[in-house]
>>> print(open('coords03.pdb').read())   # PDB, C-alpha atoms, pLDDT in the B column
MODEL        1
ATOM      1  CA  MET K  75     115.159  51.660  97.054  1.00 44.00           C
ATOM      2  CA  CYS K  76     111.773  50.332  96.014  1.00 55.00           C
ATOM      3  CA  GLY K  77     111.559  47.764  93.270  1.00 54.00           C
ATOM      4  CA  SER K  78     110.250  48.664  89.855  1.00 66.00           C
ATOM      5  CA  TYR K  79     106.622  47.801  89.185  1.00 74.00           C
ATOM      6  CA  TYR K  80     106.818  48.727  85.501  1.00 75.00           C
ATOM      7  CA  GLU K  81     108.465  46.821  82.673  1.00 79.00           C
ATOM      8  CA  ASN K  82     108.555  47.107  78.886  1.00 83.00           C
ATOM      9  CA  LEU K  83     107.755  50.801  78.718  1.00 88.00           C
ATOM     10  CA  PRO K  84     106.984  52.376  75.331  1.00 91.00           C
ATOM     11  CA  TYR K  85     109.725  54.202  73.454  1.00 90.00           C
ATOM     12  CA  ASN K  86     110.541  57.658  74.900  1.00 92.00           C
ATOM     13  CA  TRP K  87     108.973  56.906  78.285  1.00 94.00           C
ATOM     14  CA  GLU K  88     111.178  57.260  81.331  1.00 93.00           C
ATOM     15  CA  ILE K  89     111.090  56.169  84.928  1.00 94.00           C
ATOM     16  CA  ALA K  90     111.126  58.871  87.597  1.00 95.00           C
ATOM     17  CA  THR K  91     110.956  58.640  91.344  1.00 95.00           C
ATOM     18  CA  LEU K  92     108.098  60.362  93.111  1.00 95.00           C
ATOM     19  CA  ALA K  93     110.651  62.742  94.651  1.00 95.00           C
ATOM     20  CA  GLN K  94     111.675  63.886  91.159  1.00 96.00           C
ATOM     21  CA  ILE K  95     108.147  64.774  90.053  1.00 96.00           C
ATOM     22  CA  SER K  96     106.311  65.774  93.227  1.00 95.00           C
ATOM     23  CA  TYR K  97     106.651  66.792  96.824  1.00 93.00           C
ATOM     24  CA  PHE K  98     104.913  65.524  99.932  1.00 94.00           C
ATOM     25  CA  GLU K  99     103.289  67.281 102.819  1.00 95.00           C
ATOM     26  CA  ARG K 100     102.526  65.243 105.932  1.00 94.00           C
ATOM     27  CA  GLY K 101      99.406  66.223 107.840  1.00 95.00           C
ATOM     28  CA  ILE K 102      99.149  68.000 111.167  1.00 96.00           C
ATOM     29  CA  THR K 103      99.364  66.277 114.524  1.00 95.00           C
ATOM     30  CA  PHE K 104      97.061  66.970 117.425  1.00 95.00           C
ATOM     31  CA  PRO K 105      95.870  65.130 120.541  1.00 95.00           C
ATOM     32  CA  ALA K 106      92.705  63.002 120.301  1.00 93.00           C
ATOM     33  CA  SER K 107      91.079  65.359 122.803  1.00 95.00           C
ATOM     34  CA  ALA K 108      91.365  68.201 120.232  1.00 95.00           C
ATOM     35  CA  LYS K 109      88.848  66.579 117.841  1.00 95.00           C
ATOM     36  CA  GLU K 110      85.563  68.426 117.590  1.00 94.00           C
ATOM     37  CA  LEU K 111      82.389  67.450 115.732  1.00 93.00           C
ATOM     38  CA  ILE K 112      81.019  70.934 115.076  1.00 92.00           C
ATOM     39  CA  LEU K 113      82.560  73.707 112.973  1.00 91.00           C
ATOM     40  CA  ASN K 114      83.111  77.060 114.672  1.00 92.00           C
ATOM     41  CA  GLU K 115      85.229  80.186 114.035  1.00 91.00           C
ATOM     42  CA  ALA K 116      88.303  78.866 115.859  1.00 91.00           C
ATOM     43  CA  ASN K 117      88.562  75.506 114.125  1.00 95.00           C
ATOM     44  CA  ILE K 118      88.964  74.034 110.648  1.00 96.00           C
ATOM     45  CA  PRO K 119      87.794  70.813 108.951  1.00 96.00           C
ATOM     46  CA  CYS K 120      90.457  68.099 109.106  1.00 96.00           C
ATOM     47  CA  ILE K 121      90.688  65.236 106.590  1.00 96.00           C
ATOM     48  CA  ARG K 122      91.468  61.754 107.928  1.00 95.00           C
ATOM     49  CA  THR K 123      92.098  58.396 106.303  1.00 94.00           C
ATOM     50  CA  ALA K 124      88.315  57.767 106.401  1.00 93.00           C
ATOM     51  CA  ASN K 125      87.917  60.584 103.868  1.00 94.00           C
ATOM     52  CA  VAL K 126      90.237  58.837 101.388  1.00 95.00           C
ATOM     53  CA  GLN K 127      87.835  56.715  99.354  1.00 92.00           C
ATOM     54  CA  ASP K 128      87.547  56.143  95.592  1.00 90.00           C
ATOM     55  CA  GLU K 129      86.494  59.784  95.556  1.00 91.00           C
ATOM     56  CA  PHE K 130      87.339  62.482  98.098  1.00 94.00           C
ATOM     57  CA  GLU K 131      84.635  62.103 100.794  1.00 93.00           C
ATOM     58  CA  ILE K 132      83.778  64.986 103.110  1.00 92.00           C
ATOM     59  CA  ASP K 133      80.566  63.661 104.678  1.00 89.00           C
ATOM     60  CA  ASP K 134      82.296  62.590 107.894  1.00 89.00           C
ATOM     61  CA  LEU K 135      84.596  65.421 108.952  1.00 93.00           C
ATOM     62  CA  ILE K 136      86.182  66.290 112.244  1.00 95.00           C
ATOM     63  CA  TYR K 137      87.349  69.773 113.198  1.00 96.00           C
ATOM     64  CA  VAL K 138      90.472  70.920 115.002  1.00 97.00           C
ATOM     65  CA  ASP K 139      91.700  74.246 116.326  1.00 96.00           C
ATOM     66  CA  ARG K 140      93.569  76.273 113.694  1.00 95.00           C
ATOM     67  CA  LYS K 141      96.539  76.590 116.070  1.00 95.00           C
ATOM     68  CA  TYR K 142      97.664  73.075 115.018  1.00 96.00           C
ATOM     69  CA  ILE K 143      98.374  74.360 111.504  1.00 95.00           C
ATOM     70  CA  LYS K 144     100.942  76.751 113.009  1.00 92.00           C
ATOM     71  CA  SER K 145     100.403  79.286 110.181  1.00 91.00           C
ATOM     72  CA  ASN K 146     101.885  76.791 107.695  1.00 95.00           C
ATOM     73  CA  LYS K 147      99.929  77.294 104.442  1.00 95.00           C
ATOM     74  CA  ASN K 148     101.307  73.967 103.142  1.00 96.00           C
ATOM     75  CA  LYS K 149      99.125  72.238 105.748  1.00 97.00           C
ATOM     76  CA  LEU K 150      96.011  73.505 103.942  1.00 97.00           C
ATOM     77  CA  LEU K 151      94.452  71.233 101.350  1.00 97.00           C
ATOM     78  CA  GLN K 152      94.762  72.436  97.752  1.00 96.00           C
ATOM     79  CA  LYS K 153      92.692  71.676  94.683  1.00 95.00           C
ATOM     80  CA  GLY K 154      94.549  68.976  92.753  1.00 95.00           C
ATOM     81  CA  ASP K 155      96.201  67.459  95.833  1.00 97.00           C
ATOM     82  CA  ILE K 156      96.491  63.688  95.796  1.00 97.00           C
ATOM     83  CA  ILE K 157      95.601  62.544  99.280  1.00 97.00           C
ATOM     84  CA  MET K 158      97.154  59.275 100.460  1.00 96.00           C
ATOM     85  CA  SER K 159      96.273  57.195 103.472  1.00 95.00           C
ATOM     86  CA  SER K 160      99.798  56.668 104.801  1.00 94.00           C
ATOM     87  CA  ALA K 161      98.825  54.764 107.951  1.00 92.00           C
ATOM     88  CA  ASN K 162      95.979  52.306 107.783  1.00 93.00           C
ATOM     89  CA  SER K 163      95.200  48.602 107.664  1.00 90.00           C
ATOM     90  CA  LYS K 164      97.569  46.657 105.414  1.00 89.00           C
ATOM     91  CA  GLU K 165      94.843  46.424 102.732  1.00 91.00           C
ATOM     92  CA  LEU K 166      94.167  50.183 102.707  1.00 93.00           C
ATOM     93  CA  VAL K 167      97.609  51.710 103.203  1.00 93.00           C
ATOM     94  CA  GLY K 168      98.565  53.750 100.136  1.00 94.00           C
ATOM     95  CA  LYS K 169      94.970  54.301  99.016  1.00 95.00           C
ATOM     96  CA  THR K 170      94.608  57.646  97.234  1.00 96.00           C
ATOM     97  CA  CYS K 171      92.023  60.087  95.988  1.00 96.00           C
ATOM     98  CA  ILE K 172      92.335  63.424  94.276  1.00 96.00           C
ATOM     99  CA  VAL K 173      90.867  66.707  95.501  1.00 96.00           C
ATOM    100  CA  LYS K 174      88.808  67.869  92.527  1.00 93.00           C
ATOM    101  CA  GLU K 175      87.254  70.858  94.252  1.00 92.00           C
ATOM    102  CA  LEU K 176      87.336  72.659  97.587  1.00 92.00           C
ATOM    103  CA  LYS K 177      84.406  74.649  98.900  1.00 89.00           C
ATOM    104  CA  ALA K 178      86.088  75.630 102.144  1.00 91.00           C
ATOM    105  CA  GLU K 179      89.511  75.770 103.751  1.00 95.00           C
ATOM    106  CA  MET K 180      90.577  72.363 105.118  1.00 96.00           C
ATOM    107  CA  THR K 181      93.632  70.729 106.628  1.00 97.00           C
ATOM    108  CA  PHE K 182      94.646  67.073 106.913  1.00 97.00           C
ATOM    109  CA  GLY K 183      95.735  64.843 109.763  1.00 96.00           C
ATOM    110  CA  GLY K 184      99.014  63.082 110.457  1.00 93.00           C
ATOM    111  CA  PHE K 185      98.025  59.731 108.897  1.00 94.00           C
ATOM    112  CA  VAL K 186      97.439  61.458 105.559  1.00 96.00           C
ATOM    113  CA  ILE K 187      99.998  62.755 103.078  1.00 96.00           C
ATOM    114  CA  ALA K 188      99.262  65.331 100.385  1.00 97.00           C
ATOM    115  CA  ILE K 189     101.208  64.556  97.208  1.00 96.00           C
ATOM    116  CA  ARG K 190     101.642  67.561  94.943  1.00 96.00           C
ATOM    117  CA  GLY K 191     102.875  66.905  91.432  1.00 93.00           C
ATOM    118  CA  ILE K 192     105.223  69.599  90.167  1.00 92.00           C
ATOM    119  CA  VAL K 193     106.361  68.487  86.710  1.00 89.00           C
ATOM    120  CA  VAL K 194     103.620  66.015  85.905  1.00 96.00           C
ATOM    121  CA  ASN K 195      99.884  66.040  85.208  1.00 97.00           C
ATOM    122  CA  ARG K 196      98.440  65.437  88.689  1.00 96.00           C
ATOM    123  CA  LYS K 197      95.584  63.315  87.329  1.00 96.00           C
ATOM    124  CA  TYR K 198      98.112  61.132  85.515  1.00 97.00           C
ATOM    125  CA  LEU K 199     100.161  60.824  88.702  1.00 97.00           C
ATOM    126  CA  HIS K 200      97.008  59.810  90.568  1.00 97.00           C
ATOM    127  CA  LEU K 201      96.322  57.078  87.994  1.00 96.00           C
ATOM    128  CA  CYS K 202      99.878  55.770  88.482  1.00 95.00           C
ATOM    129  CA  LEU K 203      99.525  55.766  92.271  1.00 96.00           C
ATOM    130  CA  ARG K 204      96.230  53.880  91.996  1.00 95.00           C
ATOM    131  CA  ASP K 205      97.937  51.389  89.717  1.00 94.00           C
ATOM    132  CA  LEU K 206     100.678  50.859  92.312  1.00 94.00           C
ATOM    133  CA  PHE K 207      98.012  50.454  95.012  1.00 95.00           C
ATOM    134  CA  ASN K 208      96.179  47.842  92.905  1.00 94.00           C
ATOM    135  CA  LYS K 209      99.455  45.983  92.296  1.00 93.00           C
ATOM    136  CA  GLY K 210     100.040  45.770  96.068  1.00 92.00           C
ATOM    137  CA  ALA K 211     103.122  47.988  95.989  1.00 92.00           C
ATOM    138  CA  PHE K 212     102.204  49.887  99.153  1.00 93.00           C
ATOM    139  CA  ILE K 213     101.474  46.691 101.053  1.00 90.00           C
ATOM    140  CA  LYS K 214     104.881  45.384 100.028  1.00 90.00           C
ATOM    141  CA  GLU K 215     106.739  48.630 100.773  1.00 89.00           C
ATOM    142  CA  SER K 216     104.980  49.456 104.057  1.00 91.00           C
ATOM    143  CA  THR K 217     106.168  48.741 107.577  1.00 90.00           C
ATOM    144  CA  GLN K 218     103.814  46.994 109.949  1.00 86.00           C
ATOM    145  CA  THR K 219     103.140  47.729 113.609  1.00 82.00           C
ATOM    146  CA  THR K 220     100.609  45.774 115.650  1.00 77.00           C
ATOM    147  CA  ASN K 221      97.491  46.863 113.738  1.00 82.00           C
ATOM    148  CA  ILE K 222      98.674  49.570 111.369  1.00 89.00           C
ATOM    149  CA  ALA K 223     100.727  49.549 108.187  1.00 89.00           C
ATOM    150  CA  ASN K 224     102.738  52.707 107.418  1.00 89.00           C
ATOM    151  CA  VAL K 225     104.171  54.117 104.219  1.00 91.00           C
ATOM    152  CA  ASN K 226     106.715  56.755 105.162  1.00 87.00           C
ATOM    153  CA  THR K 227     107.883  59.655 103.025  1.00 86.00           C
ATOM    154  CA  GLU K 228     111.328  58.080 102.611  1.00 88.00           C
ATOM    155  CA  THR K 229     109.738  55.050 100.941  1.00 89.00           C
ATOM    156  CA  LEU K 230     107.493  57.280  98.837  1.00 91.00           C
ATOM    157  CA  THR K 231     110.404  59.363  97.553  1.00 91.00           C
ATOM    158  CA  SER K 232     111.952  56.297  95.923  1.00 92.00           C
ATOM    159  CA  MET K 233     108.724  54.862  94.420  1.00 93.00           C
ATOM    160  CA  GLN K 234     109.043  54.776  90.643  1.00 93.00           C
ATOM    161  CA  ILE K 235     106.523  56.148  88.147  1.00 94.00           C
ATOM    162  CA  PRO K 236     106.527  55.729  84.326  1.00 95.00           C
ATOM    163  CA  ILE K 237     106.674  59.139  82.671  1.00 96.00           C
ATOM    164  CA  PRO K 238     105.657  59.774  79.056  1.00 96.00           C
ATOM    165  CA  SER K 239     105.592  63.229  77.495  1.00 96.00           C
ATOM    166  CA  LEU K 240     103.127  65.711  78.969  1.00 96.00           C
ATOM    167  CA  TYR K 241     101.072  65.417  75.777  1.00 96.00           C
ATOM    168  CA  GLU K 242     100.838  61.634  76.286  1.00 97.00           C
ATOM    169  CA  GLN K 243      99.991  62.062  79.995  1.00 97.00           C
ATOM    170  CA  ASN K 244      97.090  64.342  79.037  1.00 97.00           C
ATOM    171  CA  ARG K 245      95.935  61.911  76.342  1.00 97.00           C
ATOM    172  CA  ILE K 246      95.986  59.003  78.826  1.00 97.00           C
ATOM    173  CA  VAL K 247      94.015  60.986  81.415  1.00 97.00           C
ATOM    174  CA  ASP K 248      91.418  61.993  78.797  1.00 97.00           C
ATOM    175  CA  ALA K 249      91.032  58.387  77.580  1.00 97.00           C
ATOM    176  CA  VAL K 250      90.652  57.012  81.113  1.00 96.00           C
ATOM    177  CA  GLU K 251      88.080  59.684  82.007  1.00 94.00           C
ATOM    178  CA  VAL K 252      86.029  58.776  78.922  1.00 96.00           C
ATOM    179  CA  LEU K 253      86.169  55.087  79.891  1.00 95.00           C
ATOM    180  CA  PHE K 254      85.082  55.806  83.476  1.00 90.00           C
ATOM    181  CA  GLU K 255      82.244  57.985  82.178  1.00 92.00           C
ATOM    182  CA  LYS K 256      81.030  55.137  79.933  1.00 93.00           C
ATOM    183  CA  LEU K 257      81.285  52.650  82.813  1.00 92.00           C
ATOM    184  CA  SER K 258      79.271  55.003  85.007  1.00 88.00           C
ATOM    185  CA  GLU K 259      76.566  55.259  82.325  1.00 91.00           C
ATOM    186  CA  ILE K 260      76.429  51.466  82.026  1.00 93.00           C
ATOM    187  CA  GLU K 261      76.205  51.106  85.803  1.00 88.00           C
ATOM    188  CA  LYS K 262      73.324  53.617  85.939  1.00 88.00           C
ATOM    189  CA  SER K 263      71.449  51.823  83.152  1.00 90.00           C
ATOM    190  CA  LEU K 264      71.740  48.500  85.009  1.00 91.00           C
ATOM    191  CA  SER K 265      70.332  49.853  88.272  1.00 80.00           C
TER     192      SER K 265
ENDMDL
END
>>> encode(input="coords03.pdb", output="structure tokens")
Amino acid sequence: MCGSYYENLPYNWEIATLAQISYFERGITFPASAKELILNEANIPCIRTANVQDEFEIDDLIYVDRKYIKSNKNKLLQKGDIIMSSANSKELVGKTCIVKELKAEMTFGGFVIAIRGIVVNRKYLHLCLRDLFNKGAFIKESTQTTNIANVNTETLTSMQIPIPSLYEQNRIVDAVEVLFEKLSEIEKSLS
């Protein structure tokens, strides 16, 4: 069981595990030789850990044959998915971004996990996961091989998230978005 990273919660807030409020979908596996650099009718764009930045980046895509999806619709990216880099350097393991829009059908590779909130505002959940990332929770909870740190789904299921009412989750998301918008305006004015 993962340790708690939250203390002194406001009245009426609860702690829930990620397994209680979301489900996870691990990406597809395929041999390195299956990677293609050009889209064609038989393949599909595939998200990798390199696409998990502060925002969802699709400038550097690879493509794989659709047969690796095995007709499993859960292996297709969905709008609102929180994408996590589950295998990466120790400093980047657990990094997340949220899929705000999709212009085409895409899948995701085996070092990426799609987290799909089911009883929680997905943007709020994303803020909580970023908070855990910034606190070093994924570094602490990951396992290390020679060059790669891994966060497995078993560890993720027991990660704890503070849960206010849905109204409060929405209010928090709105307030954070306003703050980020103001910061972006300030950044633009300084450049």
>>> resolve_selection(input="coords03.pdb", expression="the PyMOL selection byres ((chain K and resi 190) around 7)", output="PDB file with C-alpha atoms, keeping the file's coordinate frame")
ATOM      1  CA  SER K  96     106.311  65.774  93.227  1.00 95.00           C
ATOM      2  CA  TYR K  97     106.651  66.792  96.824  1.00 93.00           C
ATOM      3  CA  PHE K  98     104.913  65.524  99.932  1.00 94.00           C
ATOM      4  CA  ASP K 155      96.201  67.459  95.833  1.00 97.00           C
ATOM      5  CA  ILE K 156      96.491  63.688  95.796  1.00 97.00           C
ATOM      6  CA  ALA K 188      99.262  65.331 100.385  1.00 97.00           C
ATOM      7  CA  ILE K 189     101.208  64.556  97.208  1.00 96.00           C
ATOM      8  CA  GLY K 191     102.875  66.905  91.432  1.00 93.00           C
ATOM      9  CA  ILE K 192     105.223  69.599  90.167  1.00 92.00           C
TER      10      ILE K 192
END
>>> residues_around(input="coords03.pdb", residues="Ser159 in chain K", least_positions_apart="5", cutoff="9 Å", atoms="all atoms listed in the file", output="ChimeraX atom specification")
/K:122-124,126,166-170,185-187,224-225
>>> residues_around(input="coords03.pdb", residues="Leu111 in chain K", least_positions_apart="6", cutoff="10 Å", atoms="all atoms listed in the file", output="VMD selection string")
chain K and resid 119 134 to 138
>>> resolve_selection(input="coords03.pdb", expression="the PyMOL selection byres ((chain K and resi 91) around 8)", output="ChimeraX atom specification")
/K:89-90,92-95,231-235
>>> atom_distance(input="coords03.pdb", atom1="CA of Ala161 in chain K", atom2="CA of Glu131 in chain K")
17.5 Å
>>> resolve_selection(input="coords03.pdb", expression="the PyMOL selection byres ((chain K and resi 149) around 9)", output="JSON, numbers by chain")
{"K": [99, 100, 101, 102, 143, 144, 145, 146, 147, 148, 150, 151, 180, 181, 182, 188]}
>>> closest_residue(input="coords03.pdb", among="K:Tyr142, K:Cys171, K:Leu264, K:Ser107", to="Phe130 in chain K", atoms="all atoms listed in the file")
K:Cys171
>>> residues_around(input="coords03.pdb", residues="Asn86 in chain K", least_positions_apart="2", cutoff="12 Å", atoms="all atoms listed in the file", output="PDB file with C-alpha atoms, keeping the file's coordinate frame")
ATOM      1  CA  ASN K  82     108.555  47.107  78.886  1.00 83.00           C
ATOM      2  CA  LEU K  83     107.755  50.801  78.718  1.00 88.00           C
ATOM      3  CA  PRO K  84     106.984  52.376  75.331  1.00 91.00           C
ATOM      4  CA  GLU K  88     111.178  57.260  81.331  1.00 93.00           C
ATOM      5  CA  ILE K  89     111.090  56.169  84.928  1.00 94.00           C
ATOM      6  CA  PRO K 236     106.527  55.729  84.326  1.00 95.00           C
ATOM      7  CA  ILE K 237     106.674  59.139  82.671  1.00 96.00           C
ATOM      8  CA  PRO K 238     105.657  59.774  79.056  1.00 96.00           C
ATOM      9  CA  SER K 239     105.592  63.229  77.495  1.00 96.00           C
ATOM     10  CA  LEU K 240     103.127  65.711  78.969  1.00 96.00           C
ATOM     11  CA  GLU K 242     100.838  61.634  76.286  1.00 97.00           C
TER      12      GLU K 242
END
>>> atom_distance(input="coords03.pdb", atom1="CA of Ala116 in chain K", atom2="CA of Leu176 in chain K")
19.3 Å
>>> axis_aligned_box(input="coords03.pdb", around="range 115-129 of chain K", padding_each_side="6 Å", output="JSON")
{"center_x": 88.7, "center_y": 68.2, "center_z": 105.7, "size_x": 18.9, "size_y": 36.0, "size_z": 32.3}
>>> closest_residue(input="coords03.pdb", among="K:Ala178, K:Ile222, K:Met158, K:Val247", to="Arg196 in chain K", atoms="only C-alpha atoms")
K:Val247
>>> atom_distance(input="coords03.pdb", atom1="CA of Val173 in chain K", atom2="CA of Glu129 in chain K")
8.2 Å
>>> closest_residue(input="coords03.pdb", among="K:Ile172, K:Ile118, K:Ile260, K:Ile112", to="Leu203 in chain K", atoms="all atoms listed in the file")
K:Ile172
>>> closest_residue(input="coords03.pdb", among="K:Trp87, K:Lys174, K:Glu251, K:Gly184", to="Thr103 in chain K", atoms="all atoms listed in the file")
K:Gly184
>>> closest_residue(input="coords03.pdb", among="K:Val250, K:Ala211, K:Ala223, K:Ala106", to="Tyr198 in chain K", atoms="all atoms listed in the file")
K:Val250
>>> build_atoms(input="coords03.pdb", residues="range 148-172 of chain K", atoms="N, CA and C atoms", output="JSON list (two decimals), keeping the file's coordinate frame")
[["chain", "number", "residue", "atom", "x", "y", "z"],
["K", 148, "ASN", "N", 101.17, 75.28, 103.78],
["K", 148, "ASN", "CA", 101.31, 73.97, 103.14],
["K", 148, "ASN", "C", 100.44, 72.90, 103.81],
["K", 149, "LYS", "N", 99.98, 73.18, 105.02],
["K", 149, "LYS", "CA", 99.12, 72.24, 105.75],
["K", 149, "LYS", "C", 97.65, 72.42, 105.38],
["K", 150, "LEU", "N", 97.37, 73.33, 104.44],
["K", 150, "LEU", "CA", 96.01, 73.50, 103.94],
["K", 150, "LEU", "C", 95.86, 72.70, 102.65],
["K", 151, "LEU", "N", 94.74, 72.03, 102.54],
["K", 151, "LEU", "CA", 94.45, 71.23, 101.35],
["K", 151, "LEU", "C", 94.34, 72.15, 100.14],
["K", 152, "GLN", "N", 94.82, 71.66, 98.99],
["K", 152, "GLN", "CA", 94.76, 72.44, 97.75],
["K", 152, "GLN", "C", 94.02, 71.64, 96.69],
["K", 153, "LYS", "N", 93.33, 72.33, 95.82],
["K", 153, "LYS", "CA", 92.69, 71.68, 94.68],
["K", 153, "LYS", "C", 93.78, 70.99, 93.87],
["K", 154, "GLY", "N", 93.56, 69.73, 93.51],
["K", 154, "GLY", "CA", 94.55, 68.98, 92.75],
["K", 154, "GLY", "C", 95.47, 68.13, 93.62],
["K", 155, "ASP", "N", 95.40, 68.30, 94.95],
["K", 155, "ASP", "CA", 96.20, 67.46, 95.83],
["K", 155, "ASP", "C", 95.78, 66.00, 95.68],
["K", 156, "ILE", "N", 96.76, 65.12, 95.71],
["K", 156, "ILE", "CA", 96.49, 63.69, 95.80],
["K", 156, "ILE", "C", 96.65, 63.34, 97.27],
["K", 157, "ILE", "N", 95.60, 62.86, 97.86],
["K", 157, "ILE", "CA", 95.60, 62.54, 99.28],
["K", 157, "ILE", "C", 95.83, 61.05, 99.43],
["K", 158, "MET", "N", 96.82, 60.68, 100.24],
["K", 158, "MET", "CA", 97.15, 59.28, 100.46],
["K", 158, "MET", "C", 96.97, 58.91, 101.93],
["K", 159, "SER", "N", 96.36, 57.77, 102.14],
["K", 159, "SER", "CA", 96.27, 57.20, 103.47],
["K", 159, "SER", "C", 97.61, 56.52, 103.75],
["K", 160, "SER", "N", 98.44, 57.17, 104.58],
["K", 160, "SER", "CA", 99.80, 56.67, 104.80],
["K", 160, "SER", "C", 99.91, 55.74, 106.00],
["K", 161, "ALA", "N", 98.86, 55.68, 106.81],
["K", 161, "ALA", "CA", 98.82, 54.76, 107.95],
["K", 161, "ALA", "C", 97.41, 54.21, 108.05],
["K", 162, "ASN", "N", 97.30, 52.91, 107.84],
["K", 162, "ASN", "CA", 95.98, 52.31, 107.78],
["K", 162, "ASN", "C", 96.14, 50.80, 107.93],
["K", 163, "SER", "N", 95.07, 50.06, 107.71],
["K", 163, "SER", "CA", 95.20, 48.60, 107.66],
["K", 163, "SER", "C", 96.09, 48.25, 106.47],
["K", 164, "LYS", "N", 96.67, 47.08, 106.49],
["K", 164, "LYS", "CA", 97.57, 46.66, 105.41],
["K", 164, "LYS", "C", 96.88, 46.75, 104.04],
["K", 165, "GLU", "N", 95.58, 46.42, 104.00],
["K", 165, "GLU", "CA", 94.84, 46.42, 102.73],
["K", 165, "GLU", "C", 94.56, 47.83, 102.21],
["K", 166, "LEU", "N", 94.54, 48.82, 103.10],
["K", 166, "LEU", "CA", 94.17, 50.18, 102.71],
["K", 166, "LEU", "C", 95.32, 51.18, 102.70],
["K", 167, "VAL", "N", 96.48, 50.78, 103.20],
["K", 167, "VAL", "CA", 97.61, 51.71, 103.20],
["K", 167, "VAL", "C", 98.00, 52.03, 101.75],
["K", 168, "GLY", "N", 98.20, 53.31, 101.48],
["K", 168, "GLY", "CA", 98.56, 53.75, 100.14],
["K", 168, "GLY", "C", 97.37, 54.10, 99.26],
["K", 169, "LYS", "N", 96.16, 53.94, 99.79],
["K", 169, "LYS", "CA", 94.97, 54.30, 99.02],
["K", 169, "LYS", "C", 94.99, 55.80, 98.77],
["K", 170, "THR", "N", 94.57, 56.23, 97.59],
["K", 170, "THR", "CA", 94.61, 57.65, 97.23],
["K", 170, "THR", "C", 93.28, 58.12, 96.65],
["K", 171, "CYS", "N", 93.08, 59.41, 96.72],
["K", 171, "CYS", "CA", 92.02, 60.09, 95.99],
["K", 171, "CYS", "C", 92.56, 61.47, 95.62],
["K", 172, "ILE", "N", 91.88, 62.11, 94.71],
["K", 172, "ILE", "CA", 92.34, 63.42, 94.28],
["K", 172, "ILE", "C", 91.29, 64.47, 94.67]]
